[in-house]
>>> print(open('work.cif').read())   # mmCIF, C-alpha atoms and all ligand atoms
data_model
#
loop_
_atom_site.label_atom_id
_atom_site.label_comp_id
_atom_site.auth_asym_id
_atom_site.auth_seq_id
_atom_site.Cartn_x
_atom_site.Cartn_y
_atom_site.Cartn_z
CA MET M 4 94.57 90.71 92.99
CA ASP M 5 94.22 87.80 90.59
CA HIS M 6 94.33 88.16 86.79
CA GLN M 7 90.67 89.28 86.71
CA GLY M 8 91.36 91.97 89.34
CA ASN M 9 89.60 90.09 92.17
CA PRO M 10 91.23 90.25 95.60
CA LEU M 11 93.10 87.08 96.62
CA THR M 12 92.00 85.15 99.70
CA PRO M 13 94.54 84.95 102.59
CA ALA M 14 95.21 81.31 101.62
CA GLU M 15 95.93 82.32 98.01
CA VAL M 16 98.26 85.09 99.20
CA LEU M 17 100.17 82.62 101.37
CA GLN M 18 100.38 80.16 98.50
CA ARG M 19 101.84 82.74 96.08
CA ARG M 20 104.41 83.85 98.62
CA ARG M 21 105.36 80.26 99.46
CA GLN M 22 105.83 79.49 95.76
CA VAL M 23 108.47 82.21 95.61
CA VAL M 24 110.18 80.85 98.71
CA ARG M 25 110.24 77.36 97.20
CA ALA M 26 111.63 78.75 93.94
CA VAL M 27 114.48 80.44 95.85
CA LEU M 28 115.21 77.51 98.15
CA GLY M 29 114.85 74.68 95.63
CA VAL M 30 115.69 71.34 97.23
CA ARG M 31 116.62 73.19 100.43
CA SER M 32 112.88 73.74 101.08
CA ALA M 33 112.77 70.26 102.59
CA LEU M 34 115.50 70.98 105.17
CA GLY M 35 114.66 71.22 108.87
CA PRO M 36 116.77 73.20 111.35
CA GLN M 37 120.43 72.24 111.19
CA ARG M 38 121.21 73.77 114.58
CA SER M 39 119.33 74.94 117.64
CA CYS M 40 119.76 78.71 117.31
CA ALA M 41 121.24 81.46 115.21
CA GLU M 42 121.79 85.20 115.49
CA ALA M 43 122.39 88.08 113.12
CA ALA M 44 122.41 91.86 112.82
CA ALA M 45 121.23 94.08 109.96
CA PRO M 46 121.33 97.85 109.49
CA ALA M 47 118.34 100.11 108.88
CA ASN M 48 118.48 102.02 105.61
CA VAL M 49 117.31 105.35 104.26
CA ALA M 50 116.38 105.71 100.60
CA LEU M 51 118.03 108.45 98.53
CA VAL M 52 115.84 107.55 95.56
CA LYS M 53 112.61 106.31 97.12
CA TYR M 54 110.51 103.20 96.73
CA TRP M 55 106.97 104.52 96.42
CA GLY M 56 104.37 102.24 94.87
CA LYS M 57 104.08 98.53 94.10
CA ARG M 58 103.42 96.67 90.90
CA ASP M 59 102.55 93.61 93.01
CA GLU M 60 101.20 94.00 96.56
CA VAL M 61 101.53 90.35 97.54
CA LEU M 62 105.22 90.04 96.69
CA ASN M 63 106.19 93.67 97.47
CA LEU M 64 107.36 94.23 93.90
CA PRO M 65 108.04 97.93 93.27
CA VAL M 66 107.02 100.14 90.37
CA THR M 67 110.57 101.54 90.17
CA ASP M 68 114.15 100.85 91.21
CA SER M 69 115.33 102.59 94.39
CA LEU M 70 118.62 103.44 96.06
CA SER M 71 119.56 103.57 99.73
CA VAL M 72 122.34 104.09 102.19
CA SER M 73 122.52 102.06 105.40
CA LEU M 74 122.38 103.54 108.88
CA GLY M 75 125.46 101.74 110.16
CA ARG M 76 125.08 100.65 113.78
CA LEU M 77 121.38 101.54 113.83
CA GLY M 78 119.27 98.53 112.97
CA THR M 79 118.22 95.17 114.40
CA TRP M 80 119.97 92.43 116.32
CA MET M 81 118.05 89.15 116.34
CA LYS M 82 118.43 85.67 117.75
CA ILE M 83 116.11 82.79 116.87
CA ALA M 84 116.01 79.44 118.61
CA VAL M 85 114.04 76.24 118.13
CA ALA M 86 111.54 76.18 121.02
CA GLU M 87 108.49 74.49 122.53
CA ARG M 88 106.17 77.26 121.35
CA ASP M 89 106.35 80.46 119.31
CA ARG M 90 107.46 83.52 121.28
CA LEU M 91 108.48 87.04 120.31
CA ILE M 92 110.56 89.10 122.73
CA LEU M 93 111.03 92.54 121.23
CA ASP M 94 113.24 95.08 123.01
CA GLY M 95 113.01 93.03 126.23
CA ARG M 96 109.21 92.73 126.20
CA GLU M 97 107.27 89.60 125.28
CA HIS M 98 104.61 90.32 122.64
CA SER M 99 101.35 88.35 122.71
CA PRO M 100 100.02 86.69 119.53
CA ASP M 101 97.36 89.36 119.06
CA THR M 102 99.89 92.19 118.60
CA GLN M 103 100.67 93.46 115.12
CA GLU M 104 104.42 92.91 115.63
CA TYR M 105 103.88 89.24 116.53
CA ARG M 106 101.51 88.61 113.63
CA ARG M 107 103.76 90.28 111.07
CA MET M 108 106.88 88.47 112.24
CA PHE M 109 105.33 85.00 112.44
CA GLU M 110 103.44 85.41 109.14
CA PHE M 111 106.89 85.89 107.69
CA PHE M 112 108.41 82.86 109.45
CA ASP M 113 105.38 80.79 108.35
CA LEU M 114 106.51 81.20 104.75
CA PHE M 115 109.49 79.00 105.57
CA ARG M 116 108.04 76.29 107.80
CA GLY M 117 105.32 73.68 107.41
CA GLU M 118 102.57 72.46 109.73
CA ALA M 119 105.16 70.49 111.69
CA GLY M 120 107.02 73.62 112.79
CA PRO M 121 109.58 74.17 114.17
CA PHE M 122 108.30 76.50 116.87
CA LEU M 123 110.62 79.47 117.29
CA GLU M 124 111.61 81.83 120.05
CA ILE M 125 112.61 85.15 118.54
CA VAL M 126 114.54 87.62 120.64
CA THR M 127 115.07 90.88 118.82
CA ARG M 128 116.47 94.27 119.74
CA ASN M 129 116.24 97.42 117.70
CA THR M 130 119.18 99.76 117.98
CA VAL M 131 117.18 102.38 116.07
CA PRO M 132 115.81 104.67 118.78
CA THR M 133 112.04 104.11 118.87
CA ALA M 134 111.28 107.79 118.45
CA ALA M 135 113.72 108.31 115.58
CA GLY M 136 111.13 107.85 112.87
CA VAL M 137 113.38 105.35 111.13
CA ALA M 138 111.63 102.15 110.10
CA SER M 139 112.99 99.15 111.98
CA SER M 140 110.96 96.66 109.91
CA ALA M 141 113.49 96.73 107.08
CA SER M 142 116.39 95.75 109.35
CA ALA M 143 114.19 93.26 111.26
CA PHE M 144 113.26 91.23 108.17
CA ALA M 145 116.83 91.38 106.88
CA ALA M 146 118.11 90.08 110.23
CA ALA M 147 115.36 87.42 110.19
CA VAL M 148 116.44 85.94 106.83
CA ARG M 149 120.07 85.97 107.92
CA CYS M 150 119.10 84.06 111.10
CA LEU M 151 117.02 81.55 109.11
CA ASP M 152 119.86 81.01 106.65
CA VAL M 153 122.15 79.97 109.50
CA LEU M 154 119.51 78.00 111.46
CA MET M 155 118.39 76.00 108.43
CA GLY M 156 121.87 75.69 106.88
CA TRP M 157 120.68 76.99 103.51
CA GLY M 158 123.87 78.82 102.53
CA LEU M 159 121.98 81.26 100.28
CA SER M 160 123.67 84.11 98.39
CA GLU M 161 123.18 87.72 99.53
CA GLN M 162 120.98 88.26 96.49
CA GLU M 163 118.73 85.33 97.40
CA LEU M 164 118.50 86.53 101.00
CA SER M 165 117.54 89.98 99.72
CA THR M 166 114.77 88.44 97.56
CA LEU M 167 113.38 86.63 100.61
CA ALA M 168 113.64 89.68 102.91
CA ARG M 169 111.54 91.65 100.40
CA LEU M 170 108.59 89.36 101.17
CA GLY M 171 108.61 90.76 104.73
CA SER M 172 108.89 94.41 103.72
CA GLY M 173 110.00 95.89 100.40
CA SER M 174 112.72 98.11 101.83
CA ALA M 175 114.12 95.12 103.80
CA CYS M 176 115.75 93.85 100.59
CA ARG M 177 118.13 96.86 100.86
CA SER M 178 119.08 96.08 104.49
CA LEU M 179 121.34 93.10 103.76
CA TRP M 180 124.40 95.28 103.25
CA TYR M 181 126.26 98.21 104.80
CA GLY M 182 126.68 101.25 102.54
CA PHE M 183 124.84 101.95 99.29
CA VAL M 184 122.32 99.50 97.83
CA HIS M 185 120.47 99.58 94.51
CA TRP M 186 117.15 97.70 94.54
CA HIS M 187 116.38 96.54 91.00
CA ARG M 188 112.63 96.48 90.41
CA GLY M 189 112.90 93.42 88.17
CA LYS M 190 110.49 92.42 85.44
CA ARG M 191 109.47 88.87 86.33
CA ALA M 192 106.00 88.18 87.69
CA ASP M 193 107.48 85.99 90.47
CA GLY M 194 109.93 88.75 91.45
CA LEU M 195 113.02 86.53 91.43
CA ASP M 196 114.89 89.37 89.67
CA SER M 197 113.74 92.01 92.20
CA HIS M 198 116.42 92.33 94.88
CA GLY M 199 119.12 94.58 96.25
CA GLU M 200 122.61 94.94 94.82
CA TRP M 201 125.45 96.29 96.91
CA ILE M 202 127.25 99.24 95.31
CA PRO M 203 130.98 98.84 95.91
CA VAL M 204 131.68 102.40 97.06
CA VAL M 205 132.93 103.29 100.52
CA TRP M 206 132.54 107.00 101.25
CA PRO M 207 134.18 107.28 104.67
CA SER M 208 133.36 110.96 105.28
CA LEU M 209 129.63 110.72 104.52
CA ARG M 210 127.31 111.15 107.51
CA VAL M 211 123.56 110.87 108.07
CA LEU M 212 122.03 112.95 110.87
CA LEU M 213 118.67 111.94 112.27
CA TRP M 214 116.55 114.88 113.21
CA VAL M 215 113.51 113.95 115.26
CA VAL M 216 111.22 116.96 115.22
CA GLU M 217 108.14 115.03 116.28
CA GLY M 218 108.34 112.07 118.70
CA GLY M 219 105.65 109.49 119.24
CA PRO M 220 104.31 106.77 116.97
CA LYS M 221 103.67 107.65 113.33
CA GLY M 222 100.12 107.72 111.99
CA ARG M 223 99.45 105.94 108.74
CA SER M 224 101.79 103.12 107.70
CA SER M 225 103.94 103.68 104.61
CA ARG M 226 102.41 100.51 103.14
CA ASP M 227 98.94 101.94 103.34
CA ALA M 228 99.93 105.45 102.17
CA MET M 229 101.84 104.03 99.21
CA ARG M 230 98.84 101.94 98.11
CA HIS M 231 96.55 104.97 98.42
CA CYS M 232 98.88 107.20 96.33
CA VAL M 233 99.21 104.74 93.43
CA THR M 234 95.48 104.84 92.76
CA ASN M 235 94.44 108.19 94.23
CA SER M 236 97.19 110.71 93.50
CA PRO M 237 96.88 112.57 90.19
CA LEU M 238 100.66 113.14 90.38
CA TYR M 239 101.57 109.44 90.71
CA SER M 240 102.04 109.04 86.93
CA ALA M 241 105.02 111.42 87.19
CA TRP M 242 106.84 109.16 89.69
CA ALA M 243 108.33 106.46 87.43
CA PRO M 244 109.70 108.98 84.86
CA LEU M 245 111.18 111.02 87.72
CA VAL M 246 112.96 107.99 89.20
CA ALA M 247 114.22 107.04 85.74
CA ARG M 248 115.89 110.48 85.58
CA ASP M 249 117.11 110.58 89.20
CA LEU M 250 118.60 107.12 89.48
CA PRO M 251 121.51 107.36 86.99
CA VAL M 252 122.45 110.79 88.35
CA ALA M 253 122.45 109.45 91.92
CA LEU M 254 124.53 106.42 90.93
CA ARG M 255 127.11 108.67 89.27
CA ALA M 256 127.20 111.05 92.25
CA ILE M 257 127.87 108.08 94.56
CA GLN M 258 130.70 106.82 92.34
CA GLU M 259 132.20 110.32 92.38
CA GLN M 260 131.44 110.82 96.10
CA ASN M 261 129.92 114.13 95.12
CA LEU M 262 127.53 115.36 97.82
CA ARG M 263 126.75 118.59 95.96
CA GLU M 264 125.19 116.38 93.29
CA LEU M 265 123.73 113.63 95.50
CA GLY M 266 122.31 115.90 98.23
CA PRO M 267 119.99 118.08 96.11
CA LEU M 268 118.91 115.01 94.17
CA ALA M 269 117.97 113.03 97.31
CA GLU M 270 116.16 116.04 98.78
CA GLY M 271 114.25 116.68 95.55
CA ASN M 272 113.29 113.02 95.24
CA ALA M 273 111.90 112.93 98.79
CA LEU M 274 110.00 116.18 98.28
CA ALA M 275 108.48 114.81 95.05
CA MET M 276 107.31 111.71 96.95
CA HIS M 277 105.66 113.98 99.55
CA ALA M 278 104.12 116.11 96.78
CA ILE M 279 102.48 112.95 95.40
CA MET M 280 101.12 112.23 98.89
CA ILE M 281 99.88 115.76 99.48
CA ALA M 282 98.10 115.80 96.10
CA ALA M 283 96.37 112.46 96.76
CA ARG M 284 92.61 112.55 97.25
CA PRO M 285 92.10 112.43 100.17
CA SER M 286 95.49 113.96 100.94
CA VAL M 287 98.21 112.15 102.92
CA ARG M 288 100.29 114.57 104.94
CA TYR M 289 103.05 113.42 107.28
CA TRP M 290 104.50 116.91 107.74
CA THR M 291 103.75 118.93 110.83
CA PRO M 292 104.60 122.60 111.49
CA ALA M 293 107.83 121.33 113.10
CA THR M 294 108.77 119.61 109.82
CA LEU M 295 108.44 122.89 107.93
CA VAL M 296 110.49 124.76 110.53
CA ALA M 297 113.23 122.14 110.15
CA LEU M 298 113.10 122.32 106.33
CA GLU M 299 113.54 126.09 106.52
CA GLN M 300 116.45 125.65 108.91
CA VAL M 301 118.18 123.30 106.45
CA GLU M 302 117.77 125.95 103.75
CA ARG M 303 119.19 128.64 106.07
CA TRP M 304 122.21 126.48 106.87
CA ARG M 305 122.82 126.14 103.13
CA GLU M 306 122.54 129.91 102.68
CA GLU M 307 125.22 130.22 105.36
CA GLY M 308 127.49 128.01 103.27
CA LEU M 309 126.99 124.59 104.90
CA ASP M 310 126.61 121.71 102.46
CA VAL M 311 123.64 119.90 103.98
CA TRP M 312 120.59 118.37 102.36
CA CYS M 313 117.75 116.31 103.74
CA THR M 314 115.51 113.39 102.97
CA MET M 315 112.27 112.24 104.60
CA ASP M 316 110.23 109.07 104.63
CA ALA M 317 106.63 108.40 105.57
CA GLY M 318 106.83 110.49 108.71
CA PRO M 319 107.44 114.05 109.95
CA ASN M 320 111.17 113.66 110.75
CA LEU M 321 114.24 114.53 108.70
CA LYS M 322 117.44 112.70 107.84
CA LEU M 323 120.25 115.05 106.87
CA LEU M 324 123.16 114.26 104.57
CA ALA M 325 126.49 115.99 105.12
CA GLU M 326 130.23 115.42 105.07
CA GLU M 327 131.80 114.71 108.46
CA SER M 328 133.21 118.18 109.22
CA THR M 329 129.90 119.85 108.31
CA ALA M 330 128.02 117.20 110.30
CA ARG M 331 130.05 118.04 113.42
CA GLU M 332 129.31 121.75 112.95
CA LEU M 333 125.60 120.94 112.59
CA VAL M 334 125.60 118.93 115.82
CA ARG M 335 127.25 121.90 117.55
CA ARG M 336 124.46 124.16 116.33
CA GLN M 337 121.61 121.66 116.79
CA PRO M 338 122.63 119.27 119.60
CA ASP M 339 119.60 116.99 119.24
CA LEU M 340 120.83 115.74 115.85
CA GLN M 341 121.91 112.11 116.00
CA LEU M 342 125.05 111.49 114.00
CA VAL M 343 125.36 108.19 112.09
CA ASP M 344 128.29 106.77 110.13
CA PRO M 345 126.56 104.74 107.38
CA PHE M 346 129.55 102.44 107.02
CA GLU M 347 129.97 101.51 110.68
CA GLN M 348 129.35 97.77 110.92
CA VAL M 349 128.02 95.75 113.84
CA SER M 350 129.72 92.43 114.37
CA VAL M 351 127.71 89.54 115.77
CA VAL M 352 129.40 86.99 117.96
CA ASP M 353 127.60 83.75 117.21
CA SER M 354 126.74 82.40 120.66
CA SER M 355 125.58 79.09 119.20
CA GLN M 356 129.13 78.20 118.19
CA PRO M 357 130.79 75.63 120.47
CA GLY M 358 133.05 77.31 123.01
CA PHE M 359 131.07 80.56 123.17
CA GLN M 360 131.09 81.93 126.71
C1 LIG M 401 108.87 105.90 102.30
O1 LIG M 401 109.32 99.03 102.76
O2 LIG M 401 107.97 100.00 104.66
O3 LIG M 401 110.41 104.48 103.43
O4 LIG M 401 107.03 97.07 101.26
O5 LIG M 401 104.87 97.79 102.25
O6 LIG M 401 106.70 96.98 103.74
P1 LIG M 401 106.34 97.69 102.45
O7 LIG M 401 106.81 99.21 102.57
P2 LIG M 401 108.15 99.82 103.21
O8 LIG M 401 108.14 101.25 102.48
C2 LIG M 401 109.18 102.16 102.59
C3 LIG M 401 108.77 103.46 101.98
C4 LIG M 401 109.71 104.62 102.22
C5 LIG M 401 110.66 104.81 101.05
C6 LIG M 401 111.83 103.84 100.96
O9 LIG M 401 112.29 103.33 101.98
O10 LIG M 401 112.29 103.65 99.83
#
>>> encode(input="work.cif", output="structure tokens", more="lines below")
Ligand code: DP6
Amino acid sequence: MDHQGNPLTPAEVLQRRRQVVRAVLGVRSALGPQRSCAEAAAPANVALVKYWGKRDEVLNLPVTDSLSVSLGRLGTWMKIAVAERDRLILDGREHSPDTQEYRRMFEFFDLFRGEAGPFLEIVTRNTVPTAAGVASSASAFAAAVRCLDVLMGWGLSEQELSTLARLGSGSACRSLWYGFVHWHRGKRADGLDSHGEWIPVVWPSLRVLLWVVEGGPKGRSSRDAMRHCVTNSPLYSAWAPLVARDLPVALRAIQEQNLRELGPLAEGNALAMHAIMIAARPSVRYWTPATLVALEQVERWREEGLDVWCTMDAGPNLKLLAEESTARELVRRQPDLQLVDPFEQVSVVDSSQPGFQ
């Protein structure tokens, strides 16, 4: 929307987004590729205090701060190379220009290149299992900015990379780091102060367990559902005050590595987000009967003395939070849980370095 509330044309949208890129890159905007290819990895993340609603749709600027933990080895590996024409090979399959994945990825790369190219071949692999109901777009855009940084020789800071990744997908600005990340909403209209900040806490015993109760592709995108809720949910006005209360408590619980504080808070925050969706007119409901069965199971485990809490995103599946010993007991009881160490890092061997075999 412009200042009068009129929708922007696609050209105006591109121009606003490119202005931000130029502001971040400065004189580096003029640089062409400094090498022929680059590769990078980035982890997926799950929010403990959610991002739900934008104050600016074009720049993915959020209404509130949010807080996430990474999913360790689950995420995206990407390699980009200067090529004769644009190509996207995703999980071993070439995507044609009319697919949504191709359009979204190259619209992002177009923010950084002019009419003269370069053309790029993008090979990308998601280590998030497709059915896991974990968004791979966050890790994909984070890996993309890391690749570009190396290819173009920008040498940007993590904070600057996070600002650029946000233009691809809001939650991507939290996927630049392993562990806990605080996304500051920022106040500026150009969003240069809206980026992730790594929280220097390593909590080696913390585990996330992915619980896929419903396979298959998800229905409505989180982008679309979020937009709908901001204007059409009578409960949306409660969201910003709730996050303002939840965030400091979550930050303290992380510092203290206190799951009995963090777990209920993350679960309550996710349920509040879903309450906003359910109350929207028309209603947005990602839950299925299997979701409710799983929620009841989590409650039963707690009644039996297991410290486990859950969070959920824009989908029917659950992500559980538990300490390692509890997590192992949960996997014994529910073998289809997928155990993730949030702090497990993936190292990328840069095959473009001389001498790489
Ligand atoms: C429910 O980051 O996918 O997962 O900025 O429109 O790309 P866009 O949205 P996206 O939304 C994520 C929403 C969420 C909550 C969260 O990750 O904080």
>>> atom_distance(input="work.cif", atom1="atom CA of Leu51 of chain M", atom2="atom CA of Pro285 of chain M")
26.3 Å
>>> closest_atom_pairs(input="work.cif", of="chain M", to="ligand LIG 401 (chain M)", cutoff="7 Å", atoms="only C-alpha atoms and all ligand atoms", output="tab-separated table")
residue	atom	partner	partner_atom	distance
M:Val49	CA	M:LIG401	O9	5.9
M:Ala50	CA	M:LIG401	O10	4.6
M:Val52	CA	M:LIG401	O10	6.8
M:Lys53	CA	M:LIG401	O10	3.8
M:Tyr54	CA	M:LIG401	O10	3.6
M:Trp55	CA	M:LIG401	C5	5.9
M:Asn63	CA	M:LIG401	O4	5.2
M:Ser69	CA	M:LIG401	O10	6.3
M:Ala138	CA	M:LIG401	O2	6.9
M:Ser140	CA	M:LIG401	O2	6.9
M:Ala141	CA	M:LIG401	O1	6.4
M:Gly171	CA	M:LIG401	O6	6.6
M:Ser172	CA	M:LIG401	O6	3.4
M:Gly173	CA	M:LIG401	O4	3.3
M:Ser174	CA	M:LIG401	O1	3.6
M:Ala175	CA	M:LIG401	O1	6.3
M:Ser225	CA	M:LIG401	O8	5.3
M:Arg226	CA	M:LIG401	O5	3.8
M:Asp316	CA	M:LIG401	C1	4.2
M:Ala317	CA	M:LIG401	C1	4.7
>>> closest_residue(input="work.cif", among="M:Leu159, M:Leu254, M:Ile125, M:Ala192", to="Arg90 of chain M", atoms="all atoms listed in the file")
M:Ile125
>>> residues_around(input="work.cif", residues="Leu238 of chain M", least_positions_apart="2", cutoff="9 Å", atoms="all atoms listed in the file", output="list in words")
Cys232, Asn235, Ser236, Ser240, Ala241, Trp242, Ala278, Ile279, Met280, Ala282 and Ala283 of chain M
>>> residues_near_point(input="work.cif", point="(131.4, 123.9, 104.4)", cutoff="10 Å", atoms="all atoms listed in the file", output="JSON list (two decimals) with C-alpha atoms, in the coordinates of the input")
[["chain", "number", "residue", "atom", "x", "y", "z"],
["M", 304, "TRP", "CA", 122.21, 126.48, 106.87],
["M", 305, "ARG", "CA", 122.82, 126.14, 103.13],
["M", 307, "GLU", "CA", 125.22, 130.22, 105.36],
["M", 308, "GLY", "CA", 127.49, 128.01, 103.27],
["M", 309, "LEU", "CA", 126.99, 124.59, 104.90],
["M", 310, "ASP", "CA", 126.61, 121.71, 102.46],
["M", 311, "VAL", "CA", 123.64, 119.90, 103.98],
["M", 325, "ALA", "CA", 126.49, 115.99, 105.12],
["M", 326, "GLU", "CA", 130.23, 115.42, 105.07],
["M", 328, "SER", "CA", 133.21, 118.18, 109.22],
["M", 329, "THR", "CA", 129.90, 119.85, 108.31],
["M", 330, "ALA", "CA", 128.02, 117.20, 110.30],
["M", 332, "GLU", "CA", 129.31, 121.75, 112.95]]
>>> closest_residue(input="work.cif", among="M:Ala297, M:Met155, M:Leu167, M:Met229", to="Arg25 of chain M", atoms="only C-alpha atoms")
M:Leu167
>>> closest_residue(input="work.cif", among="M:Asp68, M:Asp339, M:Glu110, M:Glu306", to="His185 of chain M", atoms="all atoms listed in the file")
M:Asp68
>>> atom_distance(input="work.cif", atom1="atom CA of Lys57 of chain M", atom2="atom CA of Val23 of chain M")
17.0 Å
>>> atom_distance(input="work.cif", atom1="atom CA of Arg96 of chain M", atom2="atom CA of Leu179 of chain M")
25.5 Å
>>> closest_residue(input="work.cif", among="M:Leu262, M:Leu209, M:Leu114, M:Leu62", to="Ser32 of chain M", atoms="all atoms listed in the file")
M:Leu114
>>> closest_residue(input="work.cif", among="M:Arg303, M:Arg331, M:Arg248, M:Arg128", to="Ile92 of chain M", atoms="all atoms listed in the file")
M:Arg128
>>> closest_residue(input="work.cif", among="M:Glu264, M:Glu270, M:Glu217, M:Asp152", to="Pro36 of chain M", atoms="only C-alpha atoms")
M:Asp152
>>> residues_around(input="work.cif", residues="Arg88 of chain M", least_positions_apart="6", cutoff="12 Å", atoms="all atoms listed in the file", output="list in words")
Pro100, Phe109, Ala119, Gly120, Pro121, Phe122, Leu123, Glu124 and Ile125 of chain M
>>> write_last_selection(input="work.cif", atoms="C-alpha atoms", output="mmCIF file, in the coordinates of the input")
data_model
loop_
_atom_site.group_PDB
_atom_site.id
_atom_site.type_symbol
_atom_site.label_atom_id
_atom_site.label_comp_id
_atom_site.auth_asym_id
_atom_site.auth_seq_id
_atom_site.Cartn_x
_atom_site.Cartn_y
_atom_site.Cartn_z
ATOM 1 C CA PRO M 100 100.020 86.690 119.530
ATOM 2 C CA PHE M 109 105.330 85.000 112.440
ATOM 3 C CA ALA M 119 105.160 70.490 111.690
ATOM 4 C CA GLY M 120 107.020 73.620 112.790
ATOM 5 C CA PRO M 121 109.580 74.170 114.170
ATOM 6 C CA PHE M 122 108.300 76.500 116.870
ATOM 7 C CA LEU M 123 110.620 79.470 117.290
ATOM 8 C CA GLU M 124 111.610 81.830 120.050
ATOM 9 C CA ILE M 125 112.610 85.150 118.540
#
>>> residues_near_point(input="work.cif", point="(97.8, 108.1, 102.3)", cutoff="6 Å", atoms="all atoms listed in the file", output="PyMOL selection string")
chain M and resi 228+231+287
>>> axis_aligned_box(input="work.cif", around="segment 99-115 of chain M", padding_each_side="3 Å", output="lines of an AutoDock Vina configuration file")
center_x = 103.4
center_y = 86.2
center_z = 113.7
size_x = 18.1
size_y = 20.5
size_z = 24.0
>>> residues_around(input="work.cif", residues="Trp201 of chain M", least_positions_apart="5", cutoff="12 Å", atoms="only C-alpha atoms", output="ChimeraX atom specification")
/M:70-73,161-162,165,176-187,254
>>> residues_around(input="work.cif", residues="segment 318-322 of chain M", least_positions_apart="3", cutoff="7 Å", atoms="all atoms listed in the file", output="MDAnalysis selection string")
chainID M and resid 136 211:217 221 289:291 294 313:315
>>> residues_around(input="work.cif", residues="Asp94 of chain M", least_positions_apart="2", cutoff="12 Å", atoms="all atoms listed in the file", output="ChimeraX atom specification")
/M:79-82,91-92,96-98,104,125-133,139,143
>>> build_atoms(input="work.cif", residues="segment 39-43 of chain M", atoms="all heavy atoms", output="mmCIF file, keeping the file's coordinate frame")
data_model
loop_
_atom_site.group_PDB
_atom_site.id
_atom_site.type_symbol
_atom_site.label_atom_id
_atom_site.label_comp_id
_atom_site.auth_asym_id
_atom_site.auth_seq_id
_atom_site.Cartn_x
_atom_site.Cartn_y
_atom_site.Cartn_z
ATOM 1 N N SER M 39 120.416 74.574 116.712
ATOM 2 C CA SER M 39 119.330 74.940 117.640
ATOM 3 C C SER M 39 119.041 76.439 117.660
ATOM 4 O O SER M 39 117.944 76.855 118.003
ATOM 5 C CB SER M 39 119.663 74.449 119.052
ATOM 6 O OG SER M 39 120.876 75.039 119.455
ATOM 7 N N CYS M 40 120.029 77.265 117.314
ATOM 8 C CA CYS M 40 119.760 78.710 117.310
ATOM 9 C C CYS M 40 120.725 79.434 116.385
ATOM 10 O O CYS M 40 121.730 78.865 115.945
ATOM 11 C CB CYS M 40 119.837 79.283 118.729
ATOM 12 S SG CYS M 40 121.455 79.165 119.459
ATOM 13 N N ALA M 41 120.391 80.651 116.092
ATOM 14 C CA ALA M 41 121.240 81.460 115.210
ATOM 15 C C ALA M 41 120.999 82.931 115.518
ATOM 16 O O ALA M 41 119.910 83.305 115.970
ATOM 17 C CB ALA M 41 120.883 81.194 113.755
ATOM 18 N N GLU M 42 122.010 83.765 115.290
ATOM 19 C CA GLU M 42 121.790 85.200 115.490
ATOM 20 C C GLU M 42 122.438 86.012 114.386
ATOM 21 O O GLU M 42 123.357 85.561 113.702
ATOM 22 C CB GLU M 42 122.255 85.644 116.868
ATOM 23 C CG GLU M 42 123.722 85.506 117.132
ATOM 24 C CD GLU M 42 124.042 85.896 118.577
ATOM 25 O OE1 GLU M 42 124.024 87.082 118.911
ATOM 26 O OE2 GLU M 42 124.305 84.962 119.358
ATOM 27 N N ALA M 43 121.902 87.225 114.203
ATOM 28 C CA ALA M 43 122.390 88.080 113.120
ATOM 29 C C ALA M 43 122.034 89.530 113.413
ATOM 30 O O ALA M 43 121.146 89.813 114.217
ATOM 31 C CB ALA M 43 121.753 87.667 111.793
#
